[in-house]
>>> print(open('start_32.cif').read())   # mmCIF, C-alpha atoms and all ligand atoms
data_protein
loop_
_atom_site.label_atom_id
_atom_site.label_comp_id
_atom_site.auth_asym_id
_atom_site.auth_seq_id
_atom_site.Cartn_x
_atom_site.Cartn_y
_atom_site.Cartn_z
CA MET A 1 113.66 42.75 107.76
CA GLY A 2 114.49 40.96 110.96
CA GLY A 3 117.66 42.98 111.56
CA GLY A 4 118.69 43.63 115.12
CA LEU A 5 118.17 47.00 116.68
CA VAL A 6 120.88 49.44 115.65
CA LYS A 7 122.17 51.10 118.75
CA VAL A 8 122.19 54.84 118.21
CA ARG A 9 124.22 56.93 120.57
CA ILE A 10 122.23 59.62 122.36
CA PRO A 11 124.49 62.51 123.29
CA PRO A 12 124.07 63.94 126.82
CA ASN A 13 121.30 66.47 127.16
CA ALA A 14 122.64 70.03 127.03
CA LEU A 15 120.09 71.24 129.58
CA ASP A 16 121.50 68.78 132.13
CA ASN A 17 125.04 70.02 131.46
CA LEU A 18 124.70 73.79 131.44
CA GLU A 19 127.75 74.23 133.69
CA HIS A 20 129.87 72.86 130.83
CA LEU A 21 128.42 75.41 128.41
CA GLN A 22 129.18 78.35 130.70
CA PRO A 23 132.12 79.62 128.53
CA LEU A 24 129.50 80.60 125.93
CA LYS A 25 128.18 83.15 128.46
CA ASP A 26 131.46 84.16 130.09
CA GLU A 27 133.19 85.24 126.89
CA ARG A 28 130.38 86.68 124.84
CA ASP A 29 132.56 89.10 122.86
CA GLU A 30 134.38 86.13 121.34
CA THR A 31 131.36 83.87 120.93
CA GLY A 32 129.53 82.98 117.74
CA ILE A 33 126.09 81.37 117.96
CA PHE A 34 125.30 79.41 114.77
CA LEU A 35 121.77 78.08 114.39
CA ASP A 36 120.00 76.09 111.73
CA LEU A 37 116.37 77.18 111.20
CA ASP A 38 113.99 74.36 110.22
CA GLY A 39 113.75 71.67 112.85
CA THR A 40 116.08 73.65 115.13
CA LEU A 41 114.40 77.01 115.80
CA CYS A 42 111.10 76.34 114.03
CA GLN A 43 108.94 73.26 113.73
CA ILE A 44 109.16 71.57 110.34
CA VAL A 45 105.94 72.19 108.43
CA ASP A 46 104.45 70.58 105.32
CA ALA A 47 104.71 73.74 103.23
CA PRO A 48 108.05 75.55 103.72
CA ASP A 49 106.29 78.92 103.35
CA ALA A 50 104.13 78.17 106.38
CA VAL A 51 107.09 78.12 108.78
CA GLU A 52 106.64 80.21 111.91
CA MET A 53 109.21 81.59 114.28
CA PRO A 54 107.84 81.38 117.85
CA SER A 55 107.76 84.88 119.38
CA LEU A 56 109.73 83.74 122.45
CA THR A 57 112.46 82.33 120.22
CA ARG A 58 112.67 85.64 118.36
CA ARG A 59 112.97 87.45 121.69
CA TYR A 60 115.85 85.19 122.79
CA LEU A 61 117.57 85.68 119.42
CA GLU A 62 117.35 89.44 119.83
CA ALA A 63 118.88 89.19 123.31
CA LEU A 64 121.64 86.89 122.01
CA SER A 65 122.38 89.22 119.14
CA ALA A 66 122.73 92.18 121.51
CA LYS A 67 125.12 90.34 123.82
CA HIS A 68 127.19 88.00 121.68
CA LYS A 69 129.77 88.81 119.02
CA ILE A 70 127.73 87.24 116.22
CA VAL A 71 124.50 85.31 115.87
CA VAL A 72 124.21 83.46 112.57
CA ILE A 73 121.21 81.70 111.06
CA ILE A 74 122.57 79.07 108.68
CA SER A 75 120.19 77.11 106.49
CA GLY A 76 119.46 75.59 103.13
CA ARG A 77 116.86 78.29 102.52
CA ALA A 78 117.72 81.42 100.54
CA ALA A 79 119.35 84.07 102.75
CA SER A 80 116.69 86.63 101.79
CA THR A 81 114.01 84.18 102.95
CA LEU A 82 115.80 83.70 106.28
CA LEU A 83 115.94 87.46 106.79
CA ARG A 84 112.23 87.68 106.06
CA ILE A 85 111.32 84.86 108.48
CA VAL A 86 113.60 85.86 111.37
CA ASN A 87 113.50 89.61 110.71
CA ILE A 88 116.29 90.72 113.05
CA PRO A 89 118.68 93.04 111.11
CA SER A 90 121.69 92.52 113.41
CA ILE A 91 121.78 88.77 112.72
CA ILE A 92 123.92 87.28 109.93
CA TYR A 93 122.04 85.07 107.45
CA VAL A 94 123.91 82.27 105.69
CA GLY A 95 121.65 80.84 102.98
CA ASN A 96 121.71 78.11 100.37
CA HIS A 97 123.81 75.76 102.56
CA GLY A 98 126.67 78.25 102.81
CA LEU A 99 126.68 79.65 99.26
CA GLU A 100 125.58 83.19 100.24
CA ILE A 101 125.67 85.54 103.22
CA ILE A 102 123.51 88.54 104.09
CA GLU A 103 125.14 90.72 106.70
CA GLY A 104 124.14 94.30 107.54
CA GLY A 105 121.77 94.33 104.58
CA LYS A 106 124.53 93.40 102.09
CA ARG A 107 124.55 90.13 100.17
CA ARG A 108 127.71 88.22 99.29
CA ILE A 109 127.57 85.28 96.88
CA LEU A 110 130.48 82.99 97.74
CA LEU A 111 130.17 81.00 94.49
CA PRO A 112 132.03 82.02 91.31
CA GLU A 113 129.67 83.63 88.79
CA GLY A 114 129.93 80.76 86.29
CA VAL A 115 128.79 78.24 88.89
CA ALA A 116 126.00 80.53 90.07
CA ALA A 117 124.80 80.88 86.45
CA ARG A 118 124.79 77.10 86.05
CA MET A 119 122.53 76.76 89.11
CA ARG A 120 120.17 79.49 87.87
CA SER A 121 119.72 77.66 84.57
CA LEU A 122 119.22 74.35 86.39
CA GLY A 123 116.33 76.03 88.25
CA GLU A 124 114.67 76.80 84.92
CA THR A 125 115.16 73.21 83.78
CA LEU A 126 113.65 71.82 86.98
CA ARG A 127 110.66 74.12 86.67
CA SER A 128 109.90 72.81 83.21
CA SER A 129 110.74 69.12 83.62
CA ILE A 130 109.98 67.86 87.14
CA ASP A 131 106.34 66.96 87.46
CA CYS A 132 105.47 64.45 90.21
CA GLU A 133 102.38 64.06 92.35
CA GLY A 134 102.38 66.12 95.57
CA ILE A 135 105.85 67.60 95.28
CA LEU A 136 106.96 71.16 95.86
CA LEU A 137 109.83 72.78 93.98
CA GLU A 138 111.84 75.22 96.06
CA LEU A 139 114.01 77.07 93.52
CA LYS A 140 116.52 79.23 95.35
CA GLU A 141 118.78 80.55 92.58
CA LEU A 142 122.02 78.99 93.89
CA SER A 143 120.63 75.65 95.03
CA HIS A 144 117.30 73.91 94.77
CA ALA A 145 115.16 71.53 96.76
CA ILE A 146 112.34 69.21 95.77
CA HIS A 147 110.09 68.48 98.73
CA TYR A 148 107.80 65.47 98.91
CA ARG A 149 106.59 65.91 102.48
CA ARG A 150 103.07 66.64 101.24
CA ALA A 151 102.83 63.74 98.80
CA ALA A 152 100.12 61.18 99.55
CA ASN A 153 102.66 58.47 98.81
CA PRO A 154 106.14 59.76 99.72
CA VAL A 155 107.91 56.59 98.57
CA LYS A 156 106.37 56.86 95.10
CA ALA A 157 106.99 60.62 94.98
CA ARG A 158 110.68 60.12 95.78
CA GLU A 159 110.98 57.46 93.09
CA CYS A 160 109.33 59.75 90.57
CA ILE A 161 111.67 62.64 91.46
CA LEU A 162 114.79 60.49 91.15
CA ARG A 163 113.55 59.05 87.84
CA GLU A 164 112.89 62.47 86.35
CA LEU A 165 116.19 63.86 87.64
CA ASP A 166 117.88 60.97 85.89
CA GLU A 167 116.70 62.49 82.57
CA ILE A 168 118.31 65.86 83.30
CA ASP A 169 121.94 66.86 82.79
CA LEU A 170 123.26 67.14 86.34
CA ALA A 171 126.90 67.69 85.45
CA GLY A 172 128.48 69.86 88.12
CA VAL A 173 125.55 69.31 90.46
CA ARG A 174 125.61 67.42 93.75
CA MET A 175 122.42 65.62 94.70
CA THR A 176 121.79 64.84 98.37
CA GLU A 177 118.72 63.69 100.27
CA GLY A 178 117.37 65.21 103.47
CA LYS A 179 114.16 64.82 105.42
CA LEU A 180 111.54 64.14 102.72
CA LEU A 181 113.40 66.26 100.20
CA VAL A 182 116.01 66.01 97.49
CA GLN A 183 118.63 68.75 97.41
CA LEU A 184 120.56 69.93 94.36
CA ARG A 185 123.66 71.92 95.14
CA PRO A 186 126.64 72.90 93.01
CA GLU A 187 129.58 70.51 92.96
CA TYR A 188 131.76 73.11 94.62
CA PRO A 189 133.67 73.04 97.91
CA LEU A 190 131.29 75.27 99.87
CA ASP A 191 128.88 74.13 102.56
CA LYS A 192 127.59 75.18 105.98
CA GLY A 193 130.96 74.27 107.47
CA LYS A 194 133.00 76.39 105.04
CA ALA A 195 130.74 79.41 105.67
CA LEU A 196 131.13 78.92 109.41
CA GLU A 197 134.93 78.78 109.05
CA LEU A 198 134.89 82.00 107.02
CA LEU A 199 132.85 83.91 109.62
CA VAL A 200 134.89 82.50 112.52
CA LYS A 201 138.06 83.78 110.84
CA GLU A 202 136.66 87.15 109.79
CA ARG A 203 135.15 87.91 113.18
CA GLY A 204 137.78 86.45 115.49
CA ILE A 205 135.43 83.92 117.07
CA ARG A 206 136.88 81.65 119.77
CA ARG A 207 133.72 80.07 121.20
CA ILE A 208 131.17 78.39 118.98
CA LEU A 209 127.75 77.00 119.61
CA TYR A 210 126.34 75.19 116.58
CA ALA A 211 122.87 73.65 116.66
CA GLY A 212 121.24 71.68 113.86
CA ASP A 213 119.06 68.67 113.15
CA ASP A 214 119.80 67.29 109.69
CA THR A 215 122.48 65.88 107.40
CA THR A 216 123.78 69.19 106.00
CA ASP A 217 124.56 70.25 109.59
CA LEU A 218 127.17 67.50 109.64
CA ASP A 219 129.40 69.68 107.44
CA ALA A 220 129.35 72.34 110.16
CA PHE A 221 129.86 69.75 112.92
CA ARG A 222 133.01 68.58 111.11
CA SER A 223 134.31 72.14 110.68
CA VAL A 224 133.78 72.88 114.38
CA ALA A 225 135.71 69.70 115.24
CA GLU A 226 138.57 70.75 112.94
CA LEU A 227 138.71 74.25 114.42
CA VAL A 228 138.73 72.86 117.96
CA LYS A 229 141.48 70.42 117.07
CA GLY A 230 143.56 73.14 115.44
CA GLY A 231 143.76 75.64 118.25
CA SER A 232 142.51 77.51 121.24
CA LEU A 233 138.91 77.49 120.12
CA ARG A 234 136.07 75.83 122.01
CA GLY A 235 133.08 74.40 120.24
CA TYR A 236 129.76 72.95 121.32
CA ARG A 237 127.86 70.92 118.77
CA ILE A 238 124.21 70.45 119.63
CA ALA A 239 122.01 67.92 117.84
CA VAL A 240 118.34 68.83 117.95
CA ARG A 241 116.69 65.45 118.27
CA HIS A 242 113.63 64.27 116.36
CA PRO A 243 112.38 60.70 115.88
CA ASP A 244 114.08 60.63 112.46
CA SER A 245 117.40 62.28 113.40
CA PRO A 246 120.33 61.04 111.29
CA ALA A 247 122.42 58.64 113.41
CA ARG A 248 125.63 60.28 112.20
CA LEU A 249 124.51 63.64 113.60
CA LEU A 250 123.90 62.08 117.03
CA GLN A 251 127.25 60.35 116.82
CA LEU A 252 129.20 63.56 116.24
CA ALA A 253 127.26 65.88 118.58
CA ASP A 254 128.68 66.93 121.93
CA TYR A 255 125.21 67.41 123.38
CA SER A 256 121.61 67.07 122.29
CA VAL A 257 118.28 68.68 123.05
CA GLU A 258 114.89 67.12 122.51
CA GLY A 259 113.21 68.98 119.66
CA VAL A 260 112.57 72.64 119.01
CA GLU A 261 111.06 73.13 122.50
CA GLU A 262 114.22 72.21 124.37
CA MET A 263 116.29 74.20 121.88
CA GLN A 264 114.23 77.22 122.85
CA GLN A 265 115.05 76.56 126.53
CA LEU A 266 118.74 76.38 125.68
CA LEU A 267 118.51 79.74 123.89
CA GLU A 268 116.73 81.22 126.89
CA TRP A 269 119.59 80.12 129.16
CA THR A 270 122.31 81.23 126.70
CA SER A 271 120.74 84.66 126.21
CA SER A 272 120.03 85.34 129.93
MG MG W 1 117.17 71.73 109.87
#
>>> encode(input="start_32.cif", output="structure tokens")
Amino acid sequence: MGGGLVKVRIPPNALDNLEHLQPLKDERDETGIFLDLDGTLCQIVDAPDAVEMPSLTRRYLEALSAKHKIVVIISGRAASTLLRIVNIPSIIYVGNHGLEIIEGGKRRILLPEGVAARMRSLGETLRSSIDCEGILLELKELSHAIHYRRAANPVKARECILRELDEIDLAGVRMTEGKLLVQLRPEYPLDKGKALELLVKERGIRRILYAGDDTTDLDAFRSVAELVKGGSLRGYRIAVRHPDSPARLLQLADYSVEGVEEMQQLLEWTSS
């Protein structure tokens, strides 16, 4: 109460600086386009199942995928769900915050089997023990999310979730909070950034565009910064801005776009 306004840095708008992003179009055979899904390509919706990919966005993704070395959708959702939503076979799908990859129809789980088994059993525990008003359990085998976007009283719902989680054995589990959700991921050094690094190395990528809107995208922002620092690679980190964007994301981004609509315009330019 009564605190001064916190000054949040707004990165320059990417659409006003397209000449600086030109290397992404000039060297397409070395370029990887990494895109978060919810809040970046698609509007965030109350029920995660109701998400819709705009048909224009899908068209631009298809064009990108035909021209660029790799196009990667990278999200907290399960990779199989991403494939179903986006439905472009030539795209690489990194799911569960970097714990699994579907590429050319083949799935790779990057977690050791013991850790994966631990997360599967946690899913069963959550199903039987978390019961709060207006929440939605998203059990994704390797990681899990508890959404309270639809709760009549989100503050109360969050409190209830945290209280009930407190009763569960969360050894080996990392709890983080995102936009109106609580995430449970394995305590294991894999994240969106590590998956990005793996694909960059495997595919010889030297130009990176990464666009995202939430806290887990920070892991990828940091990896891009490290890769840029370490060598001849160029990276462009785009924050997709919403009224509730994490300040840290805006701080680390090279450029921003205003919401999903401007992100679509950036994809149109990049794919043309
Ligand atoms: Mg997002």
>>> residues_near_ligand(input="start_32.cif", ligand="ligand MG 1 (chain W)", cutoff="6 Å", atoms="only C-alpha atoms and all ligand atoms", output="PyMOL selection string")
chain A and resi 36-40+212-214
>>> residues_near_point(input="start_32.cif", point="(119.5, 90.5, 120.5)", cutoff="12 Å", atoms="all atoms listed in the file", output="PyMOL selection string")
chain A and resi 33+57-72+86-92+267-268+270-272
>>> residues_near_point(input="start_32.cif", point="(108.2, 80.4, 111.6)", cutoff="8 Å", atoms="all atoms listed in the file", output="ChimeraX atom specification")
/A:42-43,50-54,85-86
>>> write_last_selection(input="start_32.cif", atoms="C-alpha atoms", output="compact mmCIF listing (two decimals), keeping the file's coordinate frame")
# COMPACT_ATOMS: atom_id res chain seq x y z
CA CYS A 42 111.10 76.34 114.03
CA GLN A 43 108.94 73.26 113.73
CA ALA A 50 104.13 78.17 106.38
CA VAL A 51 107.09 78.12 108.78
CA GLU A 52 106.64 80.21 111.91
CA MET A 53 109.21 81.59 114.28
CA PRO A 54 107.84 81.38 117.85
CA ILE A 85 111.32 84.86 108.48
CA VAL A 86 113.60 85.86 111.37
>>> axis_aligned_box(input="start_32.cif", around="region 132-148 of chain A", padding_each_side="4 Å", output="AutoDock Vina command-line options")
--center_x 112.2 --center_y 72.3 --center_z 94.6 --size_x 27.6 --size_y 24.5 --size_z 16.7
>>> residues_around(input="start_32.cif", residues="Ala145 (chain A)", least_positions_apart="2", cutoff="6 Å", atoms="only C-alpha atoms", output="VMD selection string")
chain A and resid 138 182 to 183
>>> write_last_selection(input="start_32.cif", atoms="C-alpha atoms", output="PDB file, keeping the file's coordinate frame")
ATOM      1  CA  GLU A 138     111.840  75.220  96.060  1.00  0.00           C
ATOM      2  CA  VAL A 182     116.010  66.010  97.490  1.00  0.00           C
ATOM      3  CA  GLN A 183     118.630  68.750  97.410  1.00  0.00           C
TER       4      GLN A 183
END
>>> closest_residue(input="start_32.cif", among="A:Ala220, A:Ile73, A:Val260, A:Ser129", to="Asp166 (chain A)", atoms="all atoms listed in the file")
A:Ser129
>>> residues_around(input="start_32.cif", residues="Leu190 (chain A)", least_positions_apart="2", cutoff="12 Å", atoms="all atoms listed in the file", output="PyMOL selection string")
chain A and resi 94-100+109-112+115+142-143+174+185-188+192-198+216+219-220+223
>>> write_last_selection(input="start_32.cif", atoms="C-alpha atoms", output="short mmCIF file (atom, residue, chain, number, x, y, z; two decimals), in the coordinates of the input")
data_model
loop_
_atom_site.label_atom_id
_atom_site.label_comp_id
_atom_site.auth_asym_id
_atom_site.auth_seq_id
_atom_site.Cartn_x
_atom_site.Cartn_y
_atom_site.Cartn_z
CA VAL A 94 123.91 82.27 105.69
CA GLY A 95 121.65 80.84 102.98
CA ASN A 96 121.71 78.11 100.37
CA HIS A 97 123.81 75.76 102.56
CA GLY A 98 126.67 78.25 102.81
CA LEU A 99 126.68 79.65 99.26
CA GLU A 100 125.58 83.19 100.24
CA ILE A 109 127.57 85.28 96.88
CA LEU A 110 130.48 82.99 97.74
CA LEU A 111 130.17 81.00 94.49
CA PRO A 112 132.03 82.02 91.31
CA VAL A 115 128.79 78.24 88.89
CA LEU A 142 122.02 78.99 93.89
CA SER A 143 120.63 75.65 95.03
CA ARG A 174 125.61 67.42 93.75
CA ARG A 185 123.66 71.92 95.14
CA PRO A 186 126.64 72.90 93.01
CA GLU A 187 129.58 70.51 92.96
CA TYR A 188 131.76 73.11 94.62
CA LYS A 192 127.59 75.18 105.98
CA GLY A 193 130.96 74.27 107.47
CA LYS A 194 133.00 76.39 105.04
CA ALA A 195 130.74 79.41 105.67
CA LEU A 196 131.13 78.92 109.41
CA GLU A 197 134.93 78.78 109.05
CA LEU A 198 134.89 82.00 107.02
CA THR A 216 123.78 69.19 106.00
CA ASP A 219 129.40 69.68 107.44
CA ALA A 220 129.35 72.34 110.16
CA SER A 223 134.31 72.14 110.68
#
>>> atom_distance(input="start_32.cif", atom1="CA of Arg120 (chain A)", atom2="CA of Leu218 (chain A)")
25.8 Å
>>> residues_around(input="start_32.cif", residues="Leu184 (chain A)", least_positions_apart="5", cutoff="10 Å", atoms="only C-alpha atoms", output="ChimeraX atom specification")
/A:119,122-123,139,142-146,170,173-177
>>> write_last_selection(input="start_32.cif", atoms="C-alpha atoms", output="mmCIF file, keeping the file's coordinate frame")
data_model
loop_
_atom_site.group_PDB
_atom_site.id
_atom_site.type_symbol
_atom_site.label_atom_id
_atom_site.label_comp_id
_atom_site.auth_asym_id
_atom_site.auth_seq_id
_atom_site.Cartn_x
_atom_site.Cartn_y
_atom_site.Cartn_z
ATOM 1 C CA MET A 119 122.530 76.760 89.110
ATOM 2 C CA LEU A 122 119.220 74.350 86.390
ATOM 3 C CA GLY A 123 116.330 76.030 88.250
ATOM 4 C CA LEU A 139 114.010 77.070 93.520
ATOM 5 C CA LEU A 142 122.020 78.990 93.890
ATOM 6 C CA SER A 143 120.630 75.650 95.030
ATOM 7 C CA HIS A 144 117.300 73.910 94.770
ATOM 8 C CA ALA A 145 115.160 71.530 96.760
ATOM 9 C CA ILE A 146 112.340 69.210 95.770
ATOM 10 C CA LEU A 170 123.260 67.140 86.340
ATOM 11 C CA VAL A 173 125.550 69.310 90.460
ATOM 12 C CA ARG A 174 125.610 67.420 93.750
ATOM 13 C CA MET A 175 122.420 65.620 94.700
ATOM 14 C CA THR A 176 121.790 64.840 98.370
ATOM 15 C CA GLU A 177 118.720 63.690 100.270
#
>>> atom_distance(input="start_32.cif", atom1="CA of Arg248 (chain A)", atom2="CA of Lys179 (chain A)")
14.1 Å
